[in-house]
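Asks: Handing over coords35.cif, mmCIF, C-alpha atoms.
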```
data_structure
#
loop_
_atom_site.group_PDB
_atom_site.id
_atom_site.type_symbol
_atom_site.label_atom_id
_atom_site.label_comp_id
_atom_site.auth_asym_id
_atom_site.auth_seq_id
_atom_site.Cartn_x
_atom_site.Cartn_y
_atom_site.Cartn_z
ATOM 1 C CA MET D 1 0.680 2.933 12.015
ATOM 2 C CA ARG D 2 -1.855 1.320 9.660
ATOM 3 C CA THR D 3 -5.237 1.092 11.355
ATOM 4 C CA LYS D 4 -7.374 -0.445 8.615
ATOM 5 C CA PHE D 5 -9.227 -3.573 9.688
ATOM 6 C CA SER D 6 -11.082 -5.759 7.226
ATOM 7 C CA THR D 7 -14.843 -5.949 7.553
ATOM 8 C CA VAL D 8 -14.667 -9.132 5.496
ATOM 9 C CA VAL D 9 -13.399 -11.110 8.466
ATOM 10 C CA ALA D 10 -14.391 -9.084 11.515
ATOM 11 C CA ALA D 11 -17.771 -10.708 11.924
ATOM 12 C CA VAL D 12 -16.413 -14.226 12.362
ATOM 13 C CA LEU D 13 -13.780 -13.584 14.966
ATOM 14 C CA VAL D 14 -15.500 -13.243 18.349
ATOM 15 C CA LEU D 15 -15.496 -16.923 19.265
ATOM 16 C CA PRO D 16 -13.606 -19.176 21.741
ATOM 17 C CA ILE D 17 -9.959 -20.056 21.276
ATOM 18 C CA LEU D 18 -9.021 -23.581 20.208
ATOM 19 C CA SER D 19 -7.615 -25.916 22.840
ATOM 20 C CA GLY D 20 -5.146 -28.722 23.140
ATOM 21 C CA CYS D 21 -1.643 -27.160 23.126
ATOM 22 C CA THR D 22 0.961 -26.179 25.670
ATOM 23 C CA ASP D 23 3.105 -23.045 25.887
ATOM 24 C CA SER D 24 6.548 -22.817 24.299
ATOM 25 C CA SER D 25 9.558 -21.782 26.350
ATOM 26 C CA SER D 26 10.354 -19.133 23.714
ATOM 27 C CA VAL D 27 7.038 -17.324 24.172
ATOM 28 C CA THR D 28 5.681 -16.729 27.657
ATOM 29 C CA GLU D 29 2.358 -15.515 28.942
ATOM 30 C CA SER D 30 2.013 -11.938 30.164
ATOM 31 C CA ALA D 31 2.282 -11.651 33.944
ATOM 32 C CA GLY D 32 -1.024 -12.107 35.713
ATOM 33 C CA SER D 33 -2.936 -13.348 32.643
ATOM 34 C CA ALA D 34 -5.609 -15.921 33.305
ATOM 35 C CA ALA D 35 -4.872 -19.507 32.347
ATOM 36 C CA SER D 36 -6.369 -20.119 28.914
ATOM 37 C CA GLN D 37 -5.954 -22.171 25.799
ATOM 38 C CA THR D 38 -2.998 -21.715 23.495
ATOM 39 C CA ILE D 39 -2.746 -20.351 19.959
ATOM 40 C CA VAL D 40 -0.355 -22.522 17.957
ATOM 41 C CA VAL D 41 1.498 -20.612 15.230
ATOM 42 C CA ALA D 42 2.964 -22.691 12.395
ATOM 43 C CA SER D 43 6.547 -22.243 11.236
ATOM 44 C CA GLY D 44 7.920 -23.644 8.013
ATOM 45 C CA ALA D 45 11.562 -24.347 7.196
ATOM 46 C CA SER D 46 12.543 -20.936 5.779
ATOM 47 C CA PRO D 47 13.921 -18.005 7.805
ATOM 48 C CA GLU D 48 10.982 -15.914 6.552
ATOM 49 C CA SER D 49 8.481 -18.376 7.955
ATOM 50 C CA SER D 50 10.245 -18.836 11.290
ATOM 51 C CA VAL D 51 10.627 -15.094 11.885
ATOM 52 C CA LEU D 52 6.995 -14.368 11.041
ATOM 53 C CA ALA D 53 5.822 -17.195 13.290
ATOM 54 C CA GLU D 54 7.814 -15.803 16.199
ATOM 55 C CA VAL D 55 6.591 -12.248 15.528
ATOM 56 C CA TYR D 56 2.948 -13.292 15.691
ATOM 57 C CA ALA D 57 3.491 -15.531 18.729
ATOM 58 C CA THR D 58 5.413 -12.802 20.555
ATOM 59 C CA VAL D 59 2.769 -10.130 19.983
ATOM 60 C CA LEU D 60 -0.033 -12.519 20.921
ATOM 61 C CA ALA D 61 1.718 -13.511 24.159
ATOM 62 C CA SER D 62 2.478 -9.878 25.013
ATOM 63 C CA SER D 63 -1.234 -9.151 24.630
ATOM 64 C CA GLY D 64 -2.087 -11.848 27.181
ATOM 65 C CA VAL D 65 -2.907 -14.587 24.676
ATOM 66 C CA PRO D 66 -0.921 -17.788 25.398
ATOM 67 C CA SER D 67 0.837 -18.855 22.229
ATOM 68 C CA ARG D 68 3.625 -21.044 20.963
ATOM 69 C CA VAL D 69 5.380 -21.779 17.688
ATOM 70 C CA GLU D 70 5.067 -25.237 16.142
ATOM 71 C CA MET D 71 8.085 -26.022 13.955
ATOM 72 C CA LEU D 72 6.690 -27.996 11.049
ATOM 73 C CA GLY D 73 9.513 -27.653 8.578
ATOM 74 C CA GLY D 74 8.586 -28.215 4.978
ATOM 75 C CA ASP D 75 6.775 -25.778 2.736
ATOM 76 C CA ARG D 76 3.396 -24.034 2.477
ATOM 77 C CA SER D 77 1.516 -27.259 1.723
ATOM 78 C CA GLU D 78 2.618 -28.812 5.021
ATOM 79 C CA SER D 79 1.572 -25.749 7.042
ATOM 80 C CA LEU D 80 -1.819 -25.566 5.327
ATOM 81 C CA ALA D 81 -2.362 -29.287 5.882
ATOM 82 C CA ALA D 82 -1.606 -28.801 9.582
ATOM 83 C CA LEU D 83 -4.107 -25.936 9.693
ATOM 84 C CA ASP D 84 -6.777 -28.066 8.002
ATOM 85 C CA ALA D 85 -6.127 -30.849 10.525
ATOM 86 C CA ALA D 86 -6.369 -28.387 13.476
ATOM 87 C CA ARG D 87 -2.803 -29.201 14.535
ATOM 88 C CA VAL D 88 -2.051 -25.478 14.357
ATOM 89 C CA THR D 89 -4.252 -22.423 14.780
ATOM 90 C CA LEU D 90 -2.515 -19.795 12.664
ATOM 91 C CA VAL D 91 -0.221 -19.786 9.624
ATOM 92 C CA PRO D 92 1.716 -16.602 8.744
ATOM 93 C CA GLU D 93 1.585 -16.231 4.971
ATOM 94 C CA PHE D 94 1.688 -13.831 2.006
ATOM 95 C CA THR D 95 -1.493 -12.632 0.315
ATOM 96 C CA GLY D 96 -0.493 -13.276 -3.291
ATOM 97 C CA SER D 97 0.835 -16.762 -2.617
ATOM 98 C CA LEU D 98 -2.337 -17.736 -0.777
ATOM 99 C CA LEU D 99 -4.511 -16.323 -3.556
ATOM 100 C CA ALA D 100 -2.515 -18.303 -6.128
ATOM 101 C CA HIS D 101 -3.054 -21.423 -4.000
ATOM 102 C CA TYR D 102 -6.816 -21.042 -3.566
ATOM 103 C CA ASP D 103 -7.712 -19.208 -6.802
ATOM 104 C CA PRO D 104 -4.821 -19.522 -9.273
ATOM 105 C CA ALA D 105 -6.703 -17.889 -12.156
ATOM 106 C CA ASN D 106 -7.445 -14.674 -10.245
ATOM 107 C CA ALA D 107 -5.872 -11.613 -11.891
ATOM 108 C CA ALA D 108 -5.836 -9.291 -8.840
ATOM 109 C CA ARG D 109 -2.559 -7.401 -8.452
ATOM 110 C CA SER D 110 -2.770 -4.444 -6.023
ATOM 111 C CA ALA D 111 -2.521 -5.041 -2.266
ATOM 112 C CA ASP D 112 -6.181 -4.258 -1.556
ATOM 113 C CA ASP D 113 -7.469 -6.187 -4.572
ATOM 114 C CA VAL D 114 -5.390 -9.261 -3.756
ATOM 115 C CA PHE D 115 -6.532 -9.204 -0.132
ATOM 116 C CA GLU D 116 -10.218 -8.884 -1.033
ATOM 117 C CA ALA D 117 -9.934 -11.638 -3.643
ATOM 118 C CA LEU D 118 -8.162 -13.845 -1.108
ATOM 119 C CA SER D 119 -10.873 -13.245 1.493
ATOM 120 C CA ARG D 120 -13.502 -14.390 -1.005
ATOM 121 C CA SER D 121 -11.527 -17.427 -2.149
ATOM 122 C CA LEU D 122 -10.845 -19.015 1.252
ATOM 123 C CA PRO D 123 -12.581 -22.322 1.929
ATOM 124 C CA GLU D 124 -15.135 -22.547 4.703
ATOM 125 C CA GLY D 125 -13.497 -22.703 8.107
ATOM 126 C CA LEU D 126 -10.528 -20.463 7.292
ATOM 127 C CA SER D 127 -10.173 -16.718 7.664
ATOM 128 C CA VAL D 128 -7.646 -13.877 7.528
ATOM 129 C CA SER D 129 -7.305 -10.574 9.317
ATOM 130 C CA ASP D 130 -5.779 -7.421 7.901
ATOM 131 C CA TYR D 131 -2.495 -7.569 6.019
ATOM 132 C CA ALA D 132 0.708 -5.761 7.004
ATOM 133 C CA SER D 133 2.649 -3.281 4.921
ATOM 134 C CA ALA D 134 5.542 -5.766 5.145
ATOM 135 C CA GLU D 135 5.756 -7.577 1.832
ATOM 136 C CA ASP D 136 7.805 -9.992 -0.229
ATOM 137 C CA ARG D 137 6.526 -9.275 -3.725
ATOM 138 C CA ALA D 138 8.474 -9.881 -6.909
ATOM 139 C CA VAL D 139 10.537 -6.933 -8.137
ATOM 140 C CA VAL D 140 12.833 -6.141 -11.029
ATOM 141 C CA ALA D 141 16.115 -4.508 -10.045
ATOM 142 C CA LEU D 142 18.882 -2.974 -12.122
ATOM 143 C CA ALA D 143 22.545 -2.822 -11.240
ATOM 144 C CA ARG D 144 22.997 0.627 -9.679
ATOM 145 C CA ASP D 145 25.498 1.831 -12.304
ATOM 146 C CA SER D 146 23.184 0.746 -15.115
ATOM 147 C CA ALA D 147 20.184 2.502 -13.581
ATOM 148 C CA ALA D 148 22.212 5.674 -13.056
ATOM 149 C CA ALA D 149 23.497 5.669 -16.637
ATOM 150 C CA THR D 150 20.080 5.180 -18.232
ATOM 151 C CA GLY D 151 17.965 7.111 -15.748
ATOM 152 C CA VAL D 152 15.466 4.229 -15.661
ATOM 153 C CA ARG D 153 13.496 4.062 -12.418
ATOM 154 C CA THR D 154 10.188 2.337 -13.301
ATOM 155 C CA LEU D 155 9.056 -0.932 -14.842
ATOM 156 C CA GLU D 156 7.259 0.954 -17.599
ATOM 157 C CA ALA D 157 10.393 2.870 -18.558
ATOM 158 C CA PHE D 158 12.482 -0.304 -18.555
ATOM 159 C CA ALA D 159 10.010 -2.455 -20.538
ATOM 160 C CA PRO D 160 11.297 -1.502 -24.039
ATOM 161 C CA SER D 161 14.745 -2.823 -23.039
ATOM 162 C CA CYS D 162 13.509 -6.245 -21.903
ATOM 163 C CA ALA D 163 13.839 -7.883 -25.314
ATOM 164 C CA HIS D 164 17.581 -7.113 -25.300
ATOM 165 C CA THR D 165 18.241 -7.999 -21.671
ATOM 166 C CA VAL D 166 19.434 -11.180 -19.986
ATOM 167 C CA ALA D 167 17.894 -11.371 -16.515
ATOM 168 C CA VAL D 168 19.191 -13.358 -13.542
ATOM 169 C CA VAL D 169 16.205 -14.326 -11.416
ATOM 170 C CA SER D 170 15.530 -16.266 -8.241
ATOM 171 C CA PRO D 171 13.390 -19.427 -8.177
ATOM 172 C CA ARG D 172 10.825 -17.538 -6.082
ATOM 173 C CA PHE D 173 10.543 -14.883 -8.854
ATOM 174 C CA VAL D 174 9.545 -17.637 -11.266
ATOM 175 C CA GLU D 175 7.325 -19.394 -8.718
ATOM 176 C CA ASP D 176 5.341 -16.164 -8.283
ATOM 177 C CA ARG D 177 4.726 -16.063 -12.055
ATOM 178 C CA ALA D 178 6.493 -12.710 -12.288
ATOM 179 C CA PRO D 179 7.786 -13.286 -15.869
ATOM 180 C CA GLU D 180 4.224 -13.902 -17.065
ATOM 181 C CA GLN D 181 2.926 -10.861 -15.177
ATOM 182 C CA LEU D 182 5.627 -8.675 -16.741
ATOM 183 C CA ALA D 183 4.703 -9.904 -20.209
ATOM 184 C CA GLU D 184 1.009 -9.266 -19.598
ATOM 185 C CA GLY D 185 1.370 -5.959 -17.772
ATOM 186 C CA VAL D 186 4.092 -4.018 -19.609
ATOM 187 C CA ASP D 187 4.960 -6.253 -22.583
ATOM 188 C CA CYS D 188 8.298 -7.148 -20.994
ATOM 189 C CA THR D 189 9.812 -10.444 -22.133
ATOM 190 C CA PHE D 190 13.506 -10.903 -21.421
ATOM 191 C CA ALA D 191 15.866 -12.141 -24.139
ATOM 192 C CA ARG D 192 16.934 -14.837 -21.709
ATOM 193 C CA VAL D 193 16.114 -15.735 -18.126
ATOM 194 C CA ASP D 194 18.740 -17.465 -16.007
ATOM 195 C CA VAL D 195 17.301 -18.942 -12.819
ATOM 196 C CA SER D 196 19.828 -19.020 -9.989
ATOM 197 C CA GLU D 197 19.649 -19.793 -6.272
ATOM 198 C CA SER D 198 22.228 -17.030 -5.759
ATOM 199 C CA ALA D 199 20.147 -14.379 -7.531
ATOM 200 C CA ASP D 200 19.011 -12.950 -4.182
ATOM 201 C CA ALA D 201 22.555 -12.347 -2.930
ATOM 202 C CA PRO D 202 24.050 -8.820 -3.016
ATOM 203 C CA GLY D 203 27.222 -10.087 -4.699
ATOM 204 C CA THR D 204 25.218 -11.076 -7.787
ATOM 205 C CA ALA D 205 25.134 -7.435 -8.899
ATOM 206 C CA ALA D 206 28.923 -7.428 -9.224
ATOM 207 C CA LEU D 207 28.863 -10.052 -11.978
ATOM 208 C CA GLY D 208 28.076 -7.590 -14.760
ATOM 209 C CA THR D 209 24.412 -8.515 -15.152
ATOM 210 C CA THR D 210 22.061 -5.600 -15.763
ATOM 211 C CA ALA D 211 18.661 -6.901 -14.633
ATOM 212 C CA PHE D 212 17.614 -9.084 -11.726
ATOM 213 C CA GLY D 213 14.362 -10.709 -10.734
ATOM 214 C CA THR D 214 14.078 -11.017 -6.977
ATOM 215 C CA THR D 215 11.708 -10.208 -4.120
ATOM 216 C CA THR D 216 11.557 -7.299 -1.710
ATOM 217 C CA LEU D 217 12.813 -9.250 1.320
ATOM 218 C CA SER D 218 15.919 -10.542 -0.437
ATOM 219 C CA ALA D 219 19.353 -9.341 0.592
ATOM 220 C CA LEU D 220 19.871 -8.118 -2.989
ATOM 221 C CA ALA D 221 16.748 -5.932 -3.018
ATOM 222 C CA GLN D 222 17.681 -4.502 0.395
ATOM 223 C CA SER D 223 21.272 -3.765 -0.645
ATOM 224 C CA HIS D 224 22.806 -0.618 -2.158
ATOM 225 C CA SER D 225 24.118 -2.503 -5.194
ATOM 226 C CA VAL D 226 20.853 -2.326 -7.147
ATOM 227 C CA THR D 227 17.985 0.028 -7.896
ATOM 228 C CA VAL D 228 14.576 -1.597 -7.469
ATOM 229 C CA LEU D 229 12.236 -0.403 -10.224
ATOM 230 C CA ALA D 230 9.015 1.251 -9.088
ATOM 231 C CA ASP D 231 5.767 -0.545 -9.942
ATOM 232 C CA ALA D 232 3.069 2.095 -9.470
ATOM 233 C CA ASP D 233 0.636 0.270 -11.777
ATOM 234 C CA HIS D 234 0.835 -3.007 -9.801
ATOM 235 C CA VAL D 235 2.144 -5.087 -12.671
ATOM 236 C CA LEU D 236 3.593 -7.616 -10.216
ATOM 237 C CA ALA D 237 1.145 -9.089 -7.727
ATOM 238 C CA ALA D 238 1.137 -7.972 -4.087
ATOM 239 C CA GLN D 239 2.619 -10.305 -1.476
ATOM 240 C CA ASN D 240 1.776 -8.745 1.882
ATOM 241 C CA VAL D 241 2.199 -10.547 5.196
ATOM 242 C CA VAL D 242 -1.138 -11.872 6.441
ATOM 243 C CA PRO D 243 -2.249 -14.329 9.173
ATOM 244 C CA LEU D 244 -4.372 -17.250 8.000
ATOM 245 C CA PHE D 245 -6.268 -18.994 10.799
ATOM 246 C CA ARG D 246 -9.132 -21.267 11.652
ATOM 247 C CA ALA D 247 -12.386 -19.311 11.728
ATOM 248 C CA GLY D 248 -13.612 -18.907 15.296
ATOM 249 C CA ALA D 249 -10.222 -19.681 16.806
ATOM 250 C CA LEU D 250 -9.390 -16.173 18.025
ATOM 251 C CA ASP D 251 -11.111 -13.936 20.554
ATOM 252 C CA ASP D 252 -11.154 -10.111 20.560
ATOM 253 C CA THR D 253 -7.804 -9.833 22.331
ATOM 254 C CA ALA D 254 -6.086 -12.081 19.807
ATOM 255 C CA VAL D 255 -7.632 -10.207 16.867
ATOM 256 C CA LYS D 256 -6.376 -6.904 18.255
ATOM 257 C CA ALA D 257 -2.898 -8.407 18.589
ATOM 258 C CA LEU D 258 -2.946 -9.414 14.930
ATOM 259 C CA SER D 259 -3.954 -5.876 13.987
ATOM 260 C CA VAL D 260 -0.907 -4.588 15.876
ATOM 261 C CA VAL D 261 1.355 -6.704 13.671
ATOM 262 C CA ALA D 262 -0.480 -5.391 10.608
ATOM 263 C CA GLY D 263 0.116 -1.820 11.713
ATOM 264 C CA GLU D 264 3.697 -2.116 12.948
ATOM 265 C CA LEU D 265 5.585 -4.633 10.811
ATOM 266 C CA SER D 266 7.434 -3.070 7.866
ATOM 267 C CA THR D 267 9.358 -4.669 5.014
ATOM 268 C CA THR D 268 12.592 -3.105 6.274
ATOM 269 C CA ASP D 269 12.056 -4.491 9.783
ATOM 270 C CA LEU D 270 11.213 -7.954 8.517
ATOM 271 C CA ALA D 271 14.141 -8.056 6.072
ATOM 272 C CA ALA D 272 16.572 -7.073 8.837
ATOM 273 C CA MET D 273 15.266 -9.799 11.152
ATOM 274 C CA ILE D 274 15.432 -12.427 8.420
ATOM 275 C CA GLU D 275 19.015 -11.488 7.567
ATOM 276 C CA GLN D 276 20.073 -11.835 11.216
ATOM 277 C CA VAL D 277 18.556 -15.320 11.350
ATOM 278 C CA ARG D 278 19.918 -16.360 7.953
ATOM 279 C CA SER D 279 23.438 -15.241 8.893
ATOM 280 C CA GLY D 280 23.304 -16.982 12.273
ATOM 281 C CA GLN D 281 23.553 -13.769 14.300
ATOM 282 C CA ALA D 282 20.396 -14.527 16.291
ATOM 283 C CA THR D 283 17.474 -16.927 16.576
ATOM 284 C CA ALA D 284 14.038 -16.148 15.187
ATOM 285 C CA SER D 285 12.563 -15.871 18.679
ATOM 286 C CA ALA D 286 15.308 -13.448 19.754
ATOM 287 C CA VAL D 287 14.897 -11.089 16.792
ATOM 288 C CA ALA D 288 11.117 -11.102 17.190
ATOM 289 C CA ARG D 289 11.384 -10.228 20.879
ATOM 290 C CA THR D 290 13.916 -7.457 20.194
ATOM 291 C CA TRP D 291 11.703 -6.017 17.436
ATOM 292 C CA TRP D 292 8.682 -6.028 19.716
ATOM 293 C CA ASP D 293 10.556 -4.578 22.694
ATOM 294 C CA THR D 294 11.596 -1.544 20.640
ATOM 295 C CA ARG D 295 7.902 -0.764 20.130
ATOM 296 C CA GLN D 296 6.909 -0.760 23.796
#
```
Show this structure as structure tokens.
Replies:
Amino acid sequence: MRTKFSTVVAAVLVLPILSGCTDSSSVTESAGSAASQTIVVASGASPESSVLAEVYATVLASSGVPSRVEMLGGDRSESLAALDAARVTLVPEFTGSLLAHYDPANAARSADDVFEALSRSLPEGLSVSDYASAEDRAVVALARDSAAATGVRTLEAFAPSCAHTVAVVSPRFVEDRAPEQLAEGVDCTFARVDVSESADAPGTAALGTTAFGTTTLSALAQSHSVTVLADADHVLAAQNVVPLFRAGALDDTAVKALSVVAGELSTTDLAAMIEQVRSGQATASAVARTWWDTRQ
């Protein structure tokens, strides 16, 4: 379990919880907990957002902090607007995406550097607690047969081949500025980049393409059909799960609950939950509860 807790935010957290919301039927209070005000966790339209919202709400409620998920739909801008307007208390997010939103020129790449830069860039009234090891950063993957034939396992080793390679990439890969980061970090510029909504699907690797641009939570990256290239030098920016919330909105108990998520939630766990929701096998609240129950 990760136990690190950021001193950047610790000093602002011991304050009363915001009021004005009622409990959701999907997240109940712990037995015997005193009646108190509710933490409202925002959920966007994507499976990633809904699962993370339910994970945070479930752990908060299990710690005795009344909480519920507010389904906002839409994208990051809608969730952040709701946070600014105090309609929600907490928004589950990714460190790199938030840093790009608040300080787009920042060149931080490693997990710690991105988190510290994000902490400094937040506007007054907003805060974050420690990030989880669970991530959704951009990655380059090779078809498994191609990786086995060439012996390439790292971005640095693959970089000389970029100029002769056509890459199929997801829209998120482009949104995260991964092509620019590859060019800056290892002088990797693909001969052609084809952006496809299906680039994250495992079946894409069967189409004969050598290189793929995706993210760590995608079904493709989690499959056995590709080899994800190692990025020890942090060429591609970190995207770790992190809770963004209104400063002063959480008491000690709530902060400790957030640190539990930071220590327990892994990329593998999160990817599995997202796939169950995306495929219709279970709801976000059900997978979050099952994940949490296995840790009790």
Asks: Can you translate the PyMOL selection byres ((chain D and resi 95-111) around 12) into the concrete residues it hits in this file, as a PyMOL selection string?
Replies: chain D and resi 76-77+79-80+91-94+112-124+126-138+172-173+175-178+180-182+184-185+231-244
Asks: Taking all atoms listed in the file into account, which of D:Pro160, D:Gly73, D:Gly151, D:Gly213 comes nearest Val174 of chain D?
Replies: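 Looking only at the distances to Val174 of chain D, the closest residue turns out to be D:Gly213.
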Asks: Identify all residues satisfying the PyMOL selection byres ((chain D and resi 190-194) around 9) in the given file; provide them as a list in words.
Replies: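 Against this file, the PyMOL selection byres ((chain D and resi 190-194) around 9) returns the residues Ser161, Cys162, Ala163, His164, Thr165, Val166, Ala167, Val168, Val169, Ser170, Pro179, Ala183, Cys188, Thr189, Val195 and Ser196 of chain D.
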Asks: Do you have the atom CA of Val55 of chain D-atom CA of Ser223 of chain D distance handy?
Replies: 23.4 Å
Asks: Taking all atoms listed in the file into account, which of D:Thr214, D:Thr227, D:Ser43, D:Ser50 comes nearest Thr283 of chain D?
Replies: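 Distance minimum relative to Thr283 of chain D lands on D:Ser50.
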Asks: Fewer than 2 positions away in the same chain doesn't count, so skip those; otherwise give me all residues within 10 Å of Ser285 of chain D, counting only C-alpha atoms, as a VMD selection string.
Replies: chain D and resid 26 to 27 50 to 55 57 to 58 69 277 282 to 283 287 to 291
